[in-house]
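**Q** entry_3.pdb is reproduced below (PDB, C-alpha atoms).
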```pdb
MODEL        1
ATOM      1  CA  MET A   1     -86.443-103.270-129.596
ATOM      2  CA  ASN A   2     -85.872-103.983-133.280
ATOM      3  CA  LYS A   3     -82.193-104.525-134.048
ATOM      4  CA  LEU A   4     -80.838-102.190-136.711
ATOM      5  CA  PRO A   5     -79.603-103.751-139.956
ATOM      6  CA  GLN A   6     -75.890-103.723-140.669
ATOM      7  CA  THR A   7     -74.266-101.046-142.788
ATOM      8  CA  SER A   8     -74.402-101.990-146.452
ATOM      9  CA  GLU A   9     -72.626-100.841-149.587
ATOM     10  CA  LYS A  10     -75.443 -98.405-150.451
ATOM     11  CA  LEU A  11     -76.450 -97.298-146.950
ATOM     12  CA  GLN A  12     -73.955 -96.517-144.208
ATOM     13  CA  LEU A  13     -75.219 -96.493-140.635
ATOM     14  CA  ARG A  14     -73.415 -95.104-137.624
ATOM     15  CA  LEU A  15     -74.859 -94.962-134.138
ATOM     16  CA  ASP A  16     -73.513 -92.176-131.914
ATOM     17  CA  ARG A  17     -75.166 -92.514-128.504
ATOM     18  CA  SER A  18     -78.862 -92.056-129.293
ATOM     19  CA  VAL A  19     -78.382 -90.554-132.771
ATOM     20  CA  LEU A  20     -78.422 -92.744-135.881
ATOM     21  CA  HIS A  21     -76.473 -91.265-138.786
ATOM     22  CA  MET A  22     -77.582 -92.623-142.173
ATOM     23  CA  THR A  23     -75.592 -91.876-145.325
ATOM     24  CA  LEU A  24     -76.968 -92.683-148.758
ATOM     25  CA  ASN A  25     -73.775 -94.089-150.252
ATOM     26  CA  ASP A  26     -73.898 -94.380-154.017
ATOM     27  CA  PRO A  27     -72.308 -91.082-155.115
ATOM     28  CA  LYS A  28     -71.403 -92.429-158.567
ATOM     29  CA  PHE A  29     -75.154 -92.524-159.315
ATOM     30  CA  GLY A  30     -76.128 -89.473-157.285
ATOM     31  CA  ASN A  31     -77.342 -91.611-154.373
ATOM     32  CA  ALA A  32     -80.358 -92.495-156.510
ATOM     33  CA  LEU A  33     -83.082 -94.580-154.924
ATOM     34  CA  SER A  34     -82.106 -97.867-156.543
ATOM     35  CA  GLU A  35     -83.908-101.083-155.742
ATOM     36  CA  ASP A  36     -81.088-102.102-153.357
ATOM     37  CA  LEU A  37     -81.065 -98.769-151.530
ATOM     38  CA  VAL A  38     -84.851 -98.748-151.222
ATOM     39  CA  GLU A  39     -84.802-102.222-149.645
ATOM     40  CA  GLU A  40     -82.121-101.130-147.171
ATOM     41  CA  LEU A  41     -84.045 -97.976-146.229
ATOM     42  CA  ILE A  42     -87.251 -99.924-145.666
ATOM     43  CA  ARG A  43     -85.401-102.392-143.399
ATOM     44  CA  VAL A  44     -83.941 -99.552-141.319
ATOM     45  CA  LEU A  45     -87.251 -97.670-141.114
ATOM     46  CA  THR A  46     -88.994-100.849-139.930
ATOM     47  CA  ALA A  47     -86.360-101.361-137.225
ATOM     48  CA  LEU A  48     -86.633 -97.731-136.095
ATOM     49  CA  ARG A  49     -90.413 -97.688-135.618
ATOM     50  CA  ASP A  50     -90.366 -99.250-132.161
ATOM     51  CA  ASN A  51     -86.811 -98.370-131.176
ATOM     52  CA  GLU A  52     -86.970 -96.187-128.071
ATOM     53  CA  GLU A  53     -83.183 -96.070-127.670
ATOM     54  CA  ILE A  54     -82.697 -93.882-130.736
ATOM     55  CA  ALA A  55     -83.840 -90.285-130.310
ATOM     56  CA  ALA A  56     -82.820 -88.800-133.679
ATOM     57  CA  VAL A  57     -81.987 -89.846-137.222
ATOM     58  CA  VAL A  58     -79.649 -87.741-139.375
ATOM     59  CA  VAL A  59     -79.762 -88.467-143.117
ATOM     60  CA  ARG A  60     -77.296 -87.194-145.708
ATOM     61  CA  GLY A  61     -75.910 -88.181-149.078
ATOM     62  CA  ALA A  62     -72.306 -89.101-149.863
ATOM     63  CA  GLY A  63     -70.562 -86.933-152.428
ATOM     64  CA  LYS A  64     -71.983 -83.869-154.161
ATOM     65  CA  VAL A  65     -75.630 -84.954-154.447
ATOM     66  CA  PHE A  66     -78.022 -85.591-151.568
ATOM     67  CA  CYS A  67     -80.298 -87.816-153.674
ATOM     68  CA  ALA A  68     -81.017 -87.867-157.401
ATOM     69  CA  GLY A  69     -84.453 -89.442-156.844
ATOM     70  CA  GLY A  70     -85.575 -92.742-158.278
ATOM     71  CA  ASN A  71     -83.172 -94.728-160.418
ATOM     72  CA  LEU A  72     -85.508 -94.726-163.423
ATOM     73  CA  LYS A  73     -82.872 -95.840-165.905
ATOM     74  CA  GLY A  74     -81.855 -98.767-163.674
ATOM     75  CA  PHE A  75     -85.484 -99.831-163.368
ATOM     76  CA  ALA A  76     -86.028 -99.626-167.125
ATOM     77  CA  GLU A  77     -82.895-101.676-167.850
ATOM     78  CA  LYS A  78     -83.785-104.304-165.241
ATOM     79  CA  TYR A  79     -87.214-104.982-166.688
ATOM     80  CA  HIS A  80     -86.709-104.130-170.348
ATOM     81  CA  GLY A  81     -83.030-104.713-171.110
ATOM     82  CA  ASP A  82     -80.262-102.418-172.309
ATOM     83  CA  ASN A  83     -82.341-101.012-175.157
ATOM     84  CA  ALA A  84     -85.086 -99.699-172.876
ATOM     85  CA  ASP A  85     -86.571 -96.426-174.063
ATOM     86  CA  LEU A  86     -86.973 -94.392-170.881
ATOM     87  CA  PRO A  87     -89.490 -91.839-172.211
ATOM     88  CA  GLN A  88     -91.766 -94.599-173.562
ATOM     89  CA  LEU A  89     -91.673 -96.472-170.255
ATOM     90  CA  LYS A  90     -92.198 -93.440-168.010
ATOM     91  CA  HIS A  91     -95.687 -94.323-166.765
ATOM     92  CA  GLU A  92     -94.811 -97.975-166.153
ATOM     93  CA  ILE A  93     -91.694 -96.924-164.256
ATOM     94  CA  ALA A  94     -93.588 -94.348-162.206
ATOM     95  CA  SER A  95     -96.285 -96.804-161.137
ATOM     96  CA  ALA A  96     -93.759 -99.534-160.270
ATOM     97  CA  ASN A  97     -91.815 -97.132-158.040
ATOM     98  CA  TRP A  98     -94.954 -95.728-156.409
ATOM     99  CA  GLN A  99     -95.263 -98.348-153.666
ATOM    100  CA  ALA A 100     -91.597 -98.309-152.666
ATOM    101  CA  GLY A 101     -91.542 -94.518-152.645
ATOM    102  CA  ARG A 102     -94.670 -94.395-150.535
ATOM    103  CA  GLU A 103     -93.104 -96.757-147.987
ATOM    104  CA  ILE A 104     -89.944 -94.657-147.742
ATOM    105  CA  PHE A 105     -91.562 -91.209-147.648
ATOM    106  CA  ASN A 106     -94.298 -92.223-145.211
ATOM    107  CA  GLY A 107     -91.789 -94.241-143.214
ATOM    108  CA  PHE A 108     -89.514 -91.252-142.597
ATOM    109  CA  ASN A 109     -92.462 -88.907-142.135
ATOM    110  CA  ARG A 110     -93.993 -91.113-139.410
ATOM    111  CA  LEU A 111     -90.879 -92.036-137.446
ATOM    112  CA  PRO A 112     -91.208 -91.288-133.727
ATOM    113  CA  GLN A 113     -87.590 -90.079-133.708
ATOM    114  CA  THR A 114     -86.589 -86.556-134.721
ATOM    115  CA  VAL A 115     -85.591 -86.755-138.399
ATOM    116  CA  ILE A 116     -82.917 -84.339-139.613
ATOM    117  CA  MET A 117     -82.185 -84.190-143.348
ATOM    118  CA  VAL A 118     -78.811 -82.665-144.256
ATOM    119  CA  VAL A 119     -79.103 -81.639-147.907
ATOM    120  CA  GLU A 120     -75.819 -80.716-149.553
ATOM    121  CA  GLY A 121     -75.536 -80.224-153.295
ATOM    122  CA  ALA A 122     -78.655 -81.300-155.171
ATOM    123  CA  ALA A 123     -81.921 -83.009-154.336
ATOM    124  CA  MET A 124     -83.786 -84.091-157.460
ATOM    125  CA  GLY A 125     -87.123 -85.772-158.086
ATOM    126  CA  GLY A 126     -87.796 -88.250-155.306
ATOM    127  CA  GLY A 127     -84.754 -86.825-153.524
ATOM    128  CA  VAL A 128     -86.764 -83.630-152.996
ATOM    129  CA  GLY A 129     -89.579 -85.726-151.517
ATOM    130  CA  LEU A 130     -87.121 -87.557-149.272
ATOM    131  CA  ALA A 131     -85.555 -84.280-148.131
ATOM    132  CA  CYS A 132     -89.014 -83.000-147.168
ATOM    133  CA  CYS A 133     -89.779 -85.985-144.906
ATOM    134  CA  ASN A 134     -88.209 -84.406-141.865
ATOM    135  CA  ASP A 135     -88.617 -82.522-138.661
ATOM    136  CA  VAL A 136     -85.563 -80.380-139.444
ATOM    137  CA  MET A 137     -83.791 -79.691-142.749
ATOM    138  CA  ILE A 138     -80.269 -78.308-142.913
ATOM    139  CA  THR A 139     -79.009 -77.215-146.337
ATOM    140  CA  SER A 140     -75.714 -76.052-147.752
ATOM    141  CA  ARG A 141     -75.489 -72.640-149.422
ATOM    142  CA  ASP A 142     -75.187 -74.238-152.860
ATOM    143  CA  CYS A 143     -78.108 -76.612-152.348
ATOM    144  CA  LYS A 144     -80.502 -76.978-155.294
ATOM    145  CA  PHE A 145     -83.917 -78.629-155.479
ATOM    146  CA  SER A 146     -85.454 -79.844-158.749
ATOM    147  CA  THR A 147     -88.546 -81.865-159.617
ATOM    148  CA  THR A 148     -86.806 -83.450-162.594
ATOM    149  CA  GLU A 149     -89.619 -85.909-163.343
ATOM    150  CA  THR A 150     -91.429 -83.050-165.053
ATOM    151  CA  SER A 151     -88.849 -83.260-167.874
ATOM    152  CA  LEU A 152     -90.262 -86.739-168.592
ATOM    153  CA  GLY A 153     -93.818 -85.420-168.614
ATOM    154  CA  LEU A 154     -94.562 -86.805-165.149
ATOM    155  CA  ILE A 155     -96.241 -84.842-162.383
ATOM    156  CA  PRO A 156     -94.366 -84.997-159.047
ATOM    157  CA  ALA A 157     -97.606 -86.210-157.466
ATOM    158  CA  GLN A 158     -96.050 -88.669-155.038
ATOM    159  CA  ILE A 159     -93.770 -86.102-153.448
ATOM    160  CA  ALA A 160     -96.054 -83.064-153.749
ATOM    161  CA  SER A 161     -97.788 -83.528-150.396
ATOM    162  CA  PHE A 162     -94.425 -83.776-148.597
ATOM    163  CA  ILE A 163     -93.131 -80.651-150.372
ATOM    164  CA  VAL A 164     -96.273 -78.706-149.461
ATOM    165  CA  GLN A 165     -96.070 -79.968-145.871
ATOM    166  CA  ARG A 166     -92.524 -78.623-145.520
ATOM    167  CA  ILE A 167     -93.259 -75.295-147.244
TER     168      ILE A 167
ENDMDL
END
```
Could the structure of this file be written out as structure tokens, please?

**A**
Amino acid sequence: MNKLPQTSEKLQLRLDRSVLHMTLNDPKFGNALSEDLVEELIRVLTALRDNEEIAAVVVRGAGKVFCAGGNLKGFAEKYHGDNADLPQLKHEIASANWQAGREIFNGFNRLPQTVIMVVEGAAMGGGVGLACCNDVMITSRDCKFSTTETSLGLIPAQIASFIVQRI
């Protein structure tokens, strides 16, 4: 059995019998898929693959947003400084986040455990893709979904297959 990583600042983990509760925990930034959060998710998904003691995984976001998608602004600032022009860098940002997104979306989608996404508030961009990588989705009445990358002129190509699969 792969041992689960410890709870981190950005990803809280709680094991209740055979159910792993995962909370995306960066509400100040809409639980955006930052580089740190992505690394944590990949570590947990890797540990879950062969873990027969965990039967279900419940994923939710802290605060009022399930997941705001990729942290595009954070990526732009990391690689291009504080004066990064997000619209000009959109294709570079999209391609750099492609691999990490693919690992997360496919990772959740292929888990042997039952995956339950609890979507409260908003799911935007990659957050919509993440929400769709489930066996069961539970939403709040005020839940909203938005493919916000289209406002940057990007097609939500990476998440489209997961959206269609869930629809």

**Q** Where does the PyMOL selection byres ((chain A and resi 115-124) around 10) land in this file, that is, which residues does it pick, as a ChimeraX atom specification?

**A** /A:19-23,30-32,55-70,108-114,125-149

**Q** Mind telling me what the PyMOL selection byres ((chain A and resi 34-42) around 8) catches here, as a list in words?

**A**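 With the PyMOL selection byres ((chain A and resi 34-42) around 8) on this model, the match is Ser8, Lys10, Leu11, Leu24, Ala32, Leu33, Arg43, Val44, Leu45, Thr46, Gly70, Asn71, Gly74, Phe75, Ala100, Glu103, Ile104 and Gly107 of chain A.
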
**Q** What does the PyMOL selection byres ((chain A and resi 4) around 7) select in this file, as a VMD selection string?

**A** chain A and resid 2 to 3 5 to 6 44 47

**Q** One decimal, in Å: what's the spacing between atom CA of A:Leu13 and atom CA of A:Glu52?

**A**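 Atom-to-atom, atom CA of A:Leu13 to atom CA of A:Glu52, that is 17.2 Å.
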
**Q** So, counting all atoms listed in the file, which residue among A:Glu9, A:Glu53, A:Phe29, A:Phe105 is closest to A:Ala160?

**A**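 When distances to A:Ala160 are compared using all atoms listed in the file, the smallest one comes from A:Phe105.
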
**Q** Could you please determine the separation between atom CA of A:Ser161 and atom CA of A:Gln99 in Å, to one decimal place?

**A**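 Computing it gives 15.4 Å between the two atoms.
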
**Q** Between atom CA of A:Arg102 and atom CA of A:Pro156, what is the distance in Å, rounded to a tenth?

**A** 12.7 Å

**Q** Would you give the centre and edge lengths, in Å to one decimal, of a box along x, y and z around the listed atoms of stretch 139-152 of chain A, with 8 Å added to each side, as AutoDock Vina command-line options?

**A**
```
--center_x -83.3 --center_y -79.7 --center_z -157.5 --size_x 32.2 --size_y 30.1 --size_z 38.3
```
